[in-house]
>>> print(open('start-v4.txt').read())   # compact mmCIF, C-alpha atoms
# COMPACT_ATOMS: atom_id res chain seq x y z
CA MET A 209 86.00 131.49 95.70
CA THR A 210 89.40 130.09 96.63
CA GLY A 211 91.23 127.70 94.31
CA ASP A 212 90.79 123.95 94.34
CA GLY A 213 94.18 123.31 95.90
CA THR A 214 93.54 125.75 98.72
CA ARG A 215 90.11 124.29 99.40
CA ALA A 216 91.48 120.74 99.43
CA VAL A 217 94.20 121.66 101.93
CA ARG A 218 91.84 123.55 104.25
CA ALA A 219 88.64 121.50 103.88
CA GLY A 220 86.99 120.50 107.13
CA LEU A 221 89.69 121.78 109.46
CA PRO A 222 88.47 123.00 112.86
CA GLU A 223 89.07 126.51 114.13
CA ALA A 224 92.67 126.97 115.20
CA ALA A 225 93.24 126.51 118.92
CA ALA A 226 96.46 127.22 120.81
CA ASN A 227 98.64 124.16 121.29
CA GLU A 228 96.21 121.88 119.45
CA PRO A 229 96.96 120.03 116.19
CA THR A 230 95.63 121.51 112.97
CA LEU A 231 93.95 118.17 112.21
CA PRO A 232 93.03 116.42 115.49
CA GLY A 233 93.87 112.74 115.69
CA PRO A 234 91.23 110.02 115.43
CA VAL A 235 88.72 109.69 118.26
CA PHE A 236 88.34 106.06 119.36
CA ALA A 237 85.16 106.01 121.40
CA ALA A 238 82.22 103.64 121.61
CA HIS A 239 80.39 105.93 124.01
CA TYR A 240 80.66 109.45 125.45
CA HIS A 241 79.92 111.12 128.77
CA LEU A 242 76.17 111.63 128.64
CA PRO A 243 74.59 113.28 131.65
CA GLY A 244 70.95 114.27 131.89
CA ASP A 245 68.51 113.55 129.08
CA GLY A 246 71.11 112.40 126.60
CA GLY A 247 71.27 115.37 124.23
CA GLY A 248 74.30 116.71 122.41
CA PRO A 249 76.19 116.00 119.19
CA TYR A 250 78.00 112.86 120.39
CA THR A 251 76.14 110.12 122.22
CA TYR A 252 77.11 106.68 120.92
CA GLY A 253 79.79 105.48 118.53
CA ARG A 254 77.44 104.06 115.91
CA ASP A 255 75.67 107.42 115.58
CA THR A 256 78.38 110.07 115.46
CA ASN A 257 82.09 110.60 115.95
CA PRO A 258 84.11 113.85 115.95
CA THR A 259 86.53 112.40 113.39
CA TRP A 260 83.63 111.63 111.03
CA THR A 261 82.32 115.15 111.53
CA LEU A 262 85.51 116.76 110.23
CA LEU A 263 85.83 114.49 107.20
CA GLU A 264 82.15 114.83 106.31
CA ARG A 265 82.43 118.60 106.55
CA ALA A 266 85.52 118.53 104.32
CA ILE A 267 83.92 116.45 101.58
CA ALA A 268 80.75 118.56 101.68
CA GLU A 269 82.86 121.69 101.20
CA LEU A 270 84.50 120.16 98.13
CA GLU A 271 81.21 118.91 96.66
CA SER A 272 79.38 122.20 97.17
CA PRO A 273 81.87 125.08 97.42
CA GLY A 274 81.27 128.80 97.36
CA ALA A 275 78.87 131.24 98.95
CA ASP A 276 76.56 131.07 95.93
CA THR A 277 75.75 127.38 96.39
CA ALA A 278 73.53 125.73 98.98
CA PRO A 279 75.39 124.01 101.83
CA ALA A 280 75.67 120.26 101.60
CA GLU A 281 75.81 117.41 104.06
CA THR A 282 78.02 114.34 103.67
CA VAL A 283 77.53 110.96 105.32
CA ALA A 284 80.62 108.74 105.50
CA PHE A 285 80.48 104.95 105.23
CA ALA A 286 82.78 102.00 105.73
CA SER A 287 83.03 101.43 101.97
CA GLY A 288 81.78 102.66 98.63
CA MET A 289 79.27 99.83 98.50
CA GLY A 290 77.99 100.92 101.90
CA ALA A 291 77.35 104.37 100.45
CA ILE A 292 75.69 102.97 97.31
CA SER A 293 73.50 100.56 99.25
CA ALA A 294 72.41 103.20 101.75
CA THR A 295 71.39 105.63 99.02
CA LEU A 296 69.33 103.03 97.17
CA MET A 297 67.81 101.28 100.19
CA SER A 298 66.92 104.47 102.05
CA GLN A 299 64.95 105.80 99.06
CA LEU A 300 63.37 102.79 97.34
CA ARG A 301 60.28 100.89 98.45
CA PRO A 302 58.50 97.81 97.07
CA GLY A 303 56.66 98.85 93.93
CA ASP A 304 59.11 101.63 93.06
CA ALA A 305 61.11 101.61 89.84
CA VAL A 306 64.79 102.44 89.65
CA VAL A 307 66.87 103.11 86.54
CA LEU A 308 70.46 101.83 86.71
CA PRO A 309 73.26 101.80 84.13
CA ASP A 310 73.80 98.42 82.48
CA ASP A 311 77.50 99.21 82.03
CA GLY A 312 78.37 100.40 85.52
CA TYR A 313 80.38 98.98 88.39
CA ASN A 314 79.94 95.23 88.36
CA LEU A 315 78.64 94.97 91.93
CA LEU A 316 75.53 96.75 90.67
CA ILE A 317 74.55 93.34 89.27
CA PRO A 318 73.95 91.71 92.69
CA VAL A 319 72.42 95.00 93.85
CA ARG A 320 69.90 94.73 91.02
CA GLU A 321 69.08 91.19 92.07
CA ARG A 322 68.54 92.19 95.69
CA LEU A 323 66.33 95.14 94.74
CA ALA A 324 64.20 92.87 92.56
CA GLU A 325 63.85 90.43 95.48
CA ILE A 326 62.25 93.13 97.65
CA GLY A 327 59.82 94.19 94.94
CA VAL A 328 61.63 97.08 93.27
CA GLU A 329 61.34 97.22 89.49
CA VAL A 330 64.85 97.47 88.05
CA ARG A 331 65.37 99.02 84.63
CA THR A 332 68.74 99.28 82.94
CA ALA A 333 70.16 101.18 79.98
CA PRO A 334 73.62 102.16 78.74
CA THR A 335 75.40 105.31 79.86
CA ARG A 336 76.40 106.30 76.34
CA ASP A 337 74.09 108.58 74.33
CA ASP A 338 72.02 109.26 77.48
CA GLY A 339 70.42 105.84 77.07
CA GLN A 340 68.72 106.00 80.47
CA LEU A 341 66.37 108.75 79.26
CA ALA A 342 64.05 106.21 77.68
CA GLN A 343 63.54 104.38 80.99
CA LEU A 344 62.54 107.30 83.24
CA ASP A 345 58.74 107.34 83.07
CA GLY A 346 57.34 106.29 86.44
CA ALA A 347 60.75 105.83 88.05
CA ALA A 348 61.45 106.86 91.63
CA LEU A 349 65.23 107.08 91.28
CA LEU A 350 67.77 107.43 88.49
CA TRP A 351 71.29 106.13 89.17
CA ILE A 352 74.01 107.58 86.92
CA GLU A 353 77.65 106.52 86.67
CA SER A 354 79.67 108.98 84.59
CA PRO A 355 82.35 108.27 83.52
CA SER A 356 81.27 104.65 83.67
CA ASN A 357 83.49 101.94 85.09
CA PRO A 358 85.23 100.30 83.28
CA GLY A 359 84.06 101.44 79.82
CA LEU A 360 84.55 105.19 80.42
CA ASP A 361 81.36 106.26 78.68
CA VAL A 362 79.88 109.62 79.68
CA CYS A 363 76.32 110.95 79.76
CA ASP A 364 74.87 114.45 79.99
CA ILE A 365 74.15 114.62 83.73
CA ARG A 366 72.24 117.92 83.55
CA ARG A 367 69.99 116.65 80.76
CA LEU A 368 69.22 113.40 82.56
CA ALA A 369 68.70 115.11 85.93
CA ASP A 370 66.26 117.63 84.47
CA ALA A 371 64.34 114.87 82.72
CA ALA A 372 64.21 112.73 85.85
CA HIS A 373 63.04 115.59 88.06
CA ALA A 374 60.33 116.47 85.54
CA ARG A 375 59.01 112.94 86.08
CA GLY A 376 59.28 113.11 89.87
CA ALA A 377 62.40 110.97 90.23
CA LEU A 378 65.42 111.57 92.42
CA VAL A 379 68.89 111.48 90.86
CA ALA A 380 72.08 109.95 92.26
CA VAL A 381 75.46 110.15 90.52
CA ASP A 382 78.36 107.83 91.23
CA ASN A 383 81.21 110.33 91.08
CA THR A 384 83.97 107.93 92.12
CA LEU A 385 86.15 108.28 89.06
CA ALA A 386 85.88 112.05 88.64
CA THR A 387 86.13 113.18 92.32
CA PRO A 388 84.54 116.51 93.33
CA LEU A 389 87.48 118.37 91.81
CA GLY A 390 86.76 116.83 88.41
CA GLN A 391 82.97 116.96 88.46
CA ARG A 392 80.32 118.32 90.82
CA PRO A 393 77.08 116.38 90.33
CA LEU A 394 75.07 118.56 92.74
CA ASP A 395 75.81 121.60 90.56
CA LEU A 396 74.62 119.57 87.55
CA GLY A 397 71.25 118.89 89.15
CA ALA A 398 71.78 115.62 91.02
CA ASP A 399 70.21 115.05 94.44
CA PHE A 400 73.03 112.77 95.60
CA SER A 401 76.74 112.62 94.82
CA VAL A 402 78.04 109.19 95.82
CA ALA A 403 81.60 107.89 95.79
CA SER A 404 83.89 105.11 96.81
CA ALA A 405 86.41 107.24 98.66
CA THR A 406 88.64 104.16 98.66
CA LYS A 407 89.80 105.25 95.24
CA ALA A 408 90.91 108.63 93.89
CA LEU A 409 89.33 110.74 96.63
CA THR A 410 91.75 109.42 99.24
CA GLY A 411 94.20 108.09 96.69
CA HIS A 412 96.71 106.02 98.63
CA GLY A 413 95.22 102.55 98.44
CA ASP A 414 95.22 102.21 102.23
CA VAL A 415 91.61 102.76 103.33
CA LEU A 416 88.14 101.48 102.50
CA LEU A 417 85.61 104.32 102.69
CA GLY A 418 82.49 105.64 100.99
CA CYS A 419 80.48 108.85 101.09
CA VAL A 420 77.11 110.29 100.12
CA THR A 421 76.60 114.04 99.75
CA THR A 422 73.34 115.93 99.30
CA ARG A 423 72.01 119.46 99.77
CA ASP A 424 68.64 118.18 101.05
CA PRO A 425 68.64 117.76 104.87
CA ALA A 426 65.79 115.24 104.71
CA LEU A 427 67.65 113.07 102.22
CA ALA A 428 70.81 113.29 104.33
CA ALA A 429 68.83 112.24 107.41
CA ALA A 430 67.42 109.23 105.58
CA VAL A 431 70.87 108.08 104.44
CA ARG A 432 72.32 108.67 107.90
CA GLY A 433 69.46 106.72 109.45
CA TRP A 434 70.19 103.77 107.18
CA ARG A 435 73.85 103.88 108.21
CA LYS A 436 72.82 103.69 111.85
CA ILE A 437 70.45 100.79 111.31
CA VAL A 438 72.86 98.58 109.36
CA GLY A 439 75.97 99.76 111.20
CA ALA A 440 77.96 100.55 108.04
CA ILE A 441 80.15 103.00 109.92
CA PRO A 442 83.74 103.97 109.05
CA GLY A 443 86.53 103.37 111.52
CA PRO A 444 88.06 106.45 113.14
CA MET A 445 91.56 105.67 111.87
CA GLU A 446 90.38 105.21 108.29
CA THR A 447 88.38 108.41 108.55
CA TRP A 448 91.36 110.37 109.82
CA LEU A 449 93.63 108.94 107.11
CA ALA A 450 91.07 109.93 104.48
CA HIS A 451 90.91 113.51 105.75
CA ARG A 452 94.69 113.73 105.85
CA SER A 453 94.82 112.50 102.24
CA LEU A 454 92.40 115.16 100.97
CA ALA A 455 95.12 117.81 101.32
CA THR A 456 96.88 116.44 98.23
CA LEU A 457 93.74 115.79 96.18
CA GLN A 458 94.29 118.61 93.69
CA LEU A 459 97.95 117.71 93.22
CA ARG A 460 97.09 114.06 92.68
CA VAL A 461 94.15 114.43 90.28
CA ASP A 462 96.00 116.96 88.12
CA ARG A 463 99.11 114.77 87.87
CA GLN A 464 97.02 111.65 87.22
CA ALA A 465 94.97 113.37 84.52
CA GLN A 466 98.19 114.52 82.84
CA GLY A 467 99.64 111.02 82.95
CA ALA A 468 96.44 109.33 81.80
CA LEU A 469 96.19 111.55 78.74
CA ALA A 470 99.87 110.94 77.90
CA LEU A 471 99.38 107.19 78.20
CA ALA A 472 96.20 107.21 76.09
CA GLU A 473 97.92 109.19 73.36
CA ALA A 474 100.84 106.76 73.33
CA LEU A 475 98.53 103.75 73.14
CA LEU A 476 96.83 105.17 70.05
CA THR A 477 100.10 104.69 68.16
CA ARG A 478 100.20 100.92 68.76
CA ALA A 479 98.93 98.47 66.18
CA ASP A 480 98.61 95.76 68.86
CA VAL A 481 96.26 97.92 70.98
CA SER A 482 92.62 98.61 70.13
CA GLY A 483 89.64 100.27 71.78
CA VAL A 484 91.61 102.96 73.63
CA ARG A 485 89.25 105.01 75.81
CA HIS A 486 89.90 108.10 77.91
CA PRO A 487 87.51 111.08 78.05
CA GLY A 488 90.41 113.50 77.68
CA LEU A 489 91.26 112.31 74.18
CA PRO A 490 89.77 114.72 71.60
CA SER A 491 88.92 111.68 69.46
CA ASP A 492 87.09 109.86 72.27
CA PRO A 493 83.30 109.50 71.84
CA ALA A 494 82.82 110.89 75.36
CA HIS A 495 85.09 113.91 74.96
CA GLU A 496 82.54 116.56 73.94
CA THR A 497 80.11 115.80 76.76
CA ALA A 498 82.89 115.29 79.29
CA SER A 499 84.44 118.63 78.36
CA ALA A 500 81.14 120.38 79.03
CA GLN A 501 80.66 119.01 82.55
CA MET A 502 84.02 117.85 83.89
CA LEU A 503 86.19 120.52 85.45
CA GLY A 504 89.67 121.85 84.76
CA GLY A 505 90.71 119.20 82.25
CA ARG A 506 90.45 116.57 85.00
CA TYR A 507 89.14 113.63 83.02
CA GLY A 508 90.21 111.02 85.55
CA CYS A 509 93.07 108.63 86.03
CA VAL A 510 91.66 105.62 84.17
CA VAL A 511 92.51 104.53 80.64
CA SER A 512 91.00 101.40 79.10
CA PHE A 513 92.18 99.45 76.08
CA VAL A 514 92.06 95.99 74.53
CA LEU A 515 94.89 93.58 73.76
CA PRO A 516 94.42 90.72 71.30
CA ASP A 517 93.56 87.97 73.79
CA LYS A 518 93.95 86.73 77.37
CA PRO A 519 97.51 85.33 77.05
CA HIS A 520 98.70 88.55 75.40
CA ALA A 521 97.15 90.63 78.20
CA GLU A 522 98.68 88.42 80.89
CA ARG A 523 102.14 88.74 79.30
CA PHE A 524 101.74 92.51 79.24
CA LEU A 525 100.74 92.73 82.90
CA ALA A 526 103.60 90.47 83.95
CA ALA A 527 106.13 92.58 82.04
CA LEU A 528 105.22 95.87 83.71
CA ARG A 529 107.73 97.16 86.27
CA LEU A 530 106.14 100.39 87.52
CA VAL A 531 102.56 99.11 87.64
CA ASP A 532 100.80 96.85 90.16
CA ASP A 533 98.35 94.19 89.01
CA ALA A 534 95.48 95.28 91.25
CA THR A 535 91.72 95.63 91.09
CA SER A 536 91.17 99.16 92.35
CA PHE A 537 92.00 102.54 90.82
CA GLY A 538 92.90 106.06 91.85
CA SER A 539 96.01 105.33 93.89
CA VAL A 540 99.25 107.30 93.72
CA ARG A 541 100.80 104.07 92.41
CA SER A 542 99.73 103.00 88.93
CA SER A 543 97.82 99.75 88.64
CA ALA A 544 96.26 97.70 85.87
CA GLU A 545 94.26 94.54 85.49
CA ARG A 546 92.66 92.25 82.96
CA ARG A 547 89.12 93.13 83.87
CA ALA A 548 87.46 90.03 82.38
CA ARG A 549 88.94 87.88 85.14
CA TRP A 550 86.03 88.93 87.38
CA ARG A 551 83.31 87.87 84.91
CA GLY A 552 81.10 90.81 85.88
CA ASP A 553 81.78 93.19 82.99
CA ALA A 554 80.83 92.80 79.33
CA VAL A 555 84.40 93.24 78.07
CA PRO A 556 86.76 91.19 75.87
CA GLU A 557 89.25 88.80 77.46
CA GLY A 558 92.09 91.17 76.60
CA PHE A 559 90.43 94.28 78.07
CA ILE A 560 92.78 96.26 80.36
CA ARG A 561 91.63 98.81 82.92
CA PHE A 562 94.67 100.95 83.67
CA SER A 563 94.81 103.38 86.59
CA VAL A 564 97.50 106.03 86.22
CA GLY A 565 99.30 107.11 89.38
CA VAL A 566 101.56 110.06 90.03
CA GLU A 567 104.75 108.62 88.56
CA ASP A 568 106.54 110.75 85.98
CA PRO A 569 104.38 110.36 82.86
CA ALA A 570 107.42 109.80 80.65
CA ASP A 571 108.63 106.95 82.88
CA LEU A 572 105.21 105.35 82.99
CA VAL A 573 104.66 105.56 79.25
CA ALA A 574 108.12 104.10 78.62
CA ASP A 575 107.37 101.19 80.96
CA VAL A 576 104.04 100.48 79.24
CA LEU A 577 105.53 100.61 75.75
CA ARG A 578 108.37 98.30 76.77
CA ALA A 579 105.90 95.84 78.33
CA LEU A 580 103.77 95.93 75.18
CA ASP A 581 106.84 95.13 73.10
CA GLU A 582 107.68 92.18 75.35
CA ALA A 583 104.08 90.93 75.28
CA ALA A 584 103.95 91.12 71.49
CA GLY A 585 106.99 88.86 71.33
CA GLY A 586 105.04 86.00 72.88
CA PRO A 587 106.23 83.54 75.54
CA ALA A 588 109.94 83.63 76.36
>>> encode(input="start-v4.txt", output="structure tokens")
Amino acid sequence: MTGDGTRAVRAGLPEAAANEPTLPGPVFAAHYHLPGDGGGPYTYGRDTNPTWTLLERAIAELESPGADTAPAETVAFASGMGAISATLMSQLRPGDAVVLPDDGYNLLIPVRERLAEIGVEVRTAPTRDDGQLAQLDGAALLWIESPSNPGLDVCDIRRLADAAHARGALVAVDNTLATPLGQRPLDLGADFSVASATKALTGHGDVLLGCVTTRDPALAAAVRGWRKIVGAIPGPMETWLAHRSLATLQLRVDRQAQGALALAEALLTRADVSGVRHPGLPSDPAHETASAQMLGGRYGCVVSFVLPDKPHAERFLAALRLVDDATSFGSVRSSAERRARWRGDAVPEGFIRFSVGVEDPADLVADVLRALDEAAGGPA
């Protein structure tokens, strides 16, 4: 098997053709020439697009690499929530039960409400300590988020997947934070690997995109059918930008993991900072499990920690010079936010979710420590 960097650079590229670009530009087409009975791979723009095809092939290669693994299929969406919704809605029916994390992405809260409205029984449990195990009996689908967002707890995906399958349930893993270079859910037993490609997978903060990958053709067809029905299709330009960005995925996730660990270690030395979490820290409660299933020391770009209160956190964010106050993560530019401002996560008012970019780790750490010093001094 080739290395991760080589695979990321080459993923999804078409066969070389004389005088053609190595990565063809985006195809903007609502319809295609369609003689006869209407067969062929490209018929109408809501169904298929050559630019989607290349990106979907690339992500599938990263999620399921090597000759010794089954081939996978990826379905691209206009956003991560499009991918999440399609996976859940294509598989669940009234009367089914689904097990969701109670500490996951905060838009799972309205998703839970909508599922309950259509007659799906929603069960929740924490990610930590494999808490979802106790809710699996009679479930049709288990939804895992590991590491969880924003708390960074980790569960044993293989253990949960085996237990769910023994009970007849499908398993989906939100792999947004880890990326397929940091964790491969399909190899750990999951039926679906789902991600908001808006974040670390594409990594430049300039596209909204989601993806669902599975090795089961019937499951892929169901997800693709849902995309067609609701029209949650990605734009060609966004798709092309995402594929272009994959070439630097290994470089980005390695640099971000290095910087995140350096930042987490520095934060542990501060008396004004509590609750530091990052799976790469040997002292972190998630470290042992994360080390067993996350790949190559790539524990993700996110560090979370708590400052004494809301005003203190706001002073810290305002004092940062190399960090944007933004609500996403995974970009090449570091960002941070006071997560409680959204009222969807069970976190303290001073809780900070920090996304480490590709800046020099020493520069970033110095900026954070300086901002913490300024924040501790109180209002100017």
>>> residues_around(input="start-v4.txt", residues="Glu567 (chain A)", least_positions_apart="4", cutoff="9 Å", atoms="all atoms listed in the file", output="list of chain:residue names")
A:Arg463, A:Gln464, A:Gly467, A:Leu530, A:Val540, A:Arg541, A:Ser542, A:Asp571, A:Leu572
>>> closest_residue(input="start-v4.txt", among="A:Arg529, A:Arg561, A:His373, A:Arg218", to="His451 (chain A)", atoms="all atoms listed in the file")
A:Arg218
>>> closest_atom_pairs(input="start-v4.txt", of="region 216-308 of chain A", to="region 343-346 of chain A", cutoff="9 Å", atoms="only C-alpha atoms", output="Markdown table")
| residue | atom | partner | partner_atom | distance |
| --- | --- | --- | --- | --- |
| A:Asp304 | CA | A:Gly346 | CA | 8.3 |
| A:Ala305 | CA | A:Gly346 | CA | 6.9 |
| A:Val306 | CA | A:Leu344 | CA | 8.4 |
| A:Val307 | CA | A:Gln343 | CA | 6.6 |
>>> closest_residue(input="start-v4.txt", among="A:Pro234, A:Gly552, A:Pro309, A:Pro273", to="Pro258 (chain A)", atoms="all atoms listed in the file")
A:Pro234
>>> residues_around(input="start-v4.txt", residues="Lys436 (chain A)", least_positions_apart="2", cutoff="12 Å", atoms="all atoms listed in the file", output="list of chain:residue names")
A:Tyr252, A:Gly253, A:Arg254, A:Asp255, A:Thr256, A:Val283, A:Ala284, A:Phe285, A:Ala286, A:Gly290, A:Ala294, A:Ser298, A:Ala429, A:Ala430, A:Val431, A:Arg432, A:Gly433, A:Trp434, A:Val438, A:Gly439, A:Ala440, A:Ile441, A:Pro442
>>> decode(input="start-v4.txt", residues="region 487-507 of chain A", atoms="N, CA, C and O atoms", output="mmCIF file, in the first residue's frame")
data_model
loop_
_atom_site.group_PDB
_atom_site.id
_atom_site.type_symbol
_atom_site.label_atom_id
_atom_site.label_comp_id
_atom_site.auth_asym_id
_atom_site.auth_seq_id
_atom_site.Cartn_x
_atom_site.Cartn_y
_atom_site.Cartn_z
ATOM 1 N N PRO A 487 -7.236 14.341 22.620
ATOM 2 C CA PRO A 487 -6.961 12.900 22.708
ATOM 3 C C PRO A 487 -5.492 12.532 22.625
ATOM 4 O O PRO A 487 -5.107 11.434 23.036
ATOM 5 N N GLY A 488 -4.653 13.425 22.112
ATOM 6 C CA GLY A 488 -3.230 13.136 22.020
ATOM 7 C C GLY A 488 -2.474 13.282 23.316
ATOM 8 O O GLY A 488 -1.327 12.808 23.428
ATOM 9 N N LEU A 489 -3.058 13.916 24.305
ATOM 10 C CA LEU A 489 -2.394 14.057 25.597
ATOM 11 C C LEU A 489 -2.378 12.714 26.322
ATOM 12 O O LEU A 489 -3.436 12.104 26.523
ATOM 13 N N PRO A 490 -1.215 12.224 26.751
ATOM 14 C CA PRO A 490 -1.181 10.948 27.476
ATOM 15 C C PRO A 490 -2.064 10.939 28.717
ATOM 16 O O PRO A 490 -2.550 9.887 29.130
ATOM 17 N N SER A 491 -2.291 12.101 29.310
ATOM 18 C CA SER A 491 -3.121 12.188 30.512
ATOM 19 C C SER A 491 -4.612 12.297 30.209
ATOM 20 O O SER A 491 -5.435 12.255 31.128
ATOM 21 N N ASP A 492 -4.986 12.427 28.942
ATOM 22 C CA ASP A 492 -6.390 12.620 28.598
ATOM 23 C C ASP A 492 -7.183 11.330 28.801
ATOM 24 O O ASP A 492 -6.692 10.236 28.480
ATOM 25 N N PRO A 493 -8.404 11.406 29.316
ATOM 26 C CA PRO A 493 -9.209 10.191 29.522
ATOM 27 C C PRO A 493 -9.461 9.392 28.245
ATOM 28 O O PRO A 493 -9.699 8.185 28.308
ATOM 29 N N ALA A 494 -9.395 10.064 27.093
ATOM 30 C CA ALA A 494 -9.658 9.385 25.820
ATOM 31 C C ALA A 494 -8.409 8.794 25.186
ATOM 32 O O ALA A 494 -8.505 8.099 24.169
ATOM 33 N N HIS A 495 -7.236 9.058 25.756
ATOM 34 C CA HIS A 495 -5.995 8.763 25.050
ATOM 35 C C HIS A 495 -5.823 7.273 24.755
ATOM 36 O O HIS A 495 -5.441 6.894 23.637
ATOM 37 N N GLU A 496 -6.076 6.413 25.703
ATOM 38 C CA GLU A 496 -5.826 4.981 25.493
ATOM 39 C C GLU A 496 -6.681 4.433 24.359
ATOM 40 O O GLU A 496 -6.178 3.742 23.462
ATOM 41 N N THR A 497 -7.973 4.742 24.382
ATOM 42 C CA THR A 497 -8.849 4.251 23.312
ATOM 43 C C THR A 497 -8.505 4.896 21.986
ATOM 44 O O THR A 497 -8.462 4.231 20.945
ATOM 45 N N ALA A 498 -8.260 6.213 22.000
ATOM 46 C CA ALA A 498 -7.918 6.905 20.766
ATOM 47 C C ALA A 498 -6.641 6.339 20.154
ATOM 48 O O ALA A 498 -6.550 6.163 18.930
ATOM 49 N N SER A 499 -5.665 6.016 20.981
ATOM 50 C CA SER A 499 -4.407 5.480 20.468
ATOM 51 C C SER A 499 -4.595 4.137 19.798
ATOM 52 O O SER A 499 -3.849 3.784 18.871
ATOM 53 N N ALA A 500 -5.586 3.386 20.228
ATOM 54 C CA ALA A 500 -5.832 2.054 19.664
ATOM 55 C C ALA A 500 -6.539 2.111 18.318
ATOM 56 O O ALA A 500 -6.427 1.165 17.532
ATOM 57 N N GLN A 501 -7.265 3.197 18.031
ATOM 58 C CA GLN A 501 -8.054 3.203 16.799
ATOM 59 C C GLN A 501 -7.798 4.402 15.886
ATOM 60 O O GLN A 501 -8.194 4.366 14.718
ATOM 61 N N MET A 502 -7.130 5.422 16.380
ATOM 62 C CA MET A 502 -6.777 6.547 15.517
ATOM 63 C C MET A 502 -5.367 6.322 14.960
ATOM 64 O O MET A 502 -4.538 5.696 15.610
ATOM 65 N N LEU A 503 -5.119 6.813 13.785
ATOM 66 C CA LEU A 503 -3.967 6.392 12.995
ATOM 67 C C LEU A 503 -2.842 7.415 13.008
ATOM 68 O O LEU A 503 -3.082 8.622 12.910
ATOM 69 N N GLY A 504 -1.616 6.937 13.115
ATOM 70 C CA GLY A 504 -0.439 7.752 12.873
ATOM 71 C C GLY A 504 -0.263 8.927 13.808
ATOM 72 O O GLY A 504 0.353 9.928 13.420
ATOM 73 N N GLY A 505 -0.791 8.849 15.034
ATOM 74 C CA GLY A 505 -0.678 9.979 15.936
ATOM 75 C C GLY A 505 -1.498 11.179 15.517
ATOM 76 O O GLY A 505 -1.277 12.297 16.001
ATOM 77 N N ARG A 506 -2.474 10.970 14.641
ATOM 78 C CA ARG A 506 -3.327 12.064 14.152
ATOM 79 C C ARG A 506 -4.589 12.119 15.015
ATOM 80 O O ARG A 506 -5.617 11.538 14.684
ATOM 81 N N TYR A 507 -4.487 12.859 16.097
ATOM 82 C CA TYR A 507 -5.585 12.948 17.056
ATOM 83 C C TYR A 507 -6.502 14.130 16.789
ATOM 84 O O TYR A 507 -7.360 14.441 17.610
#
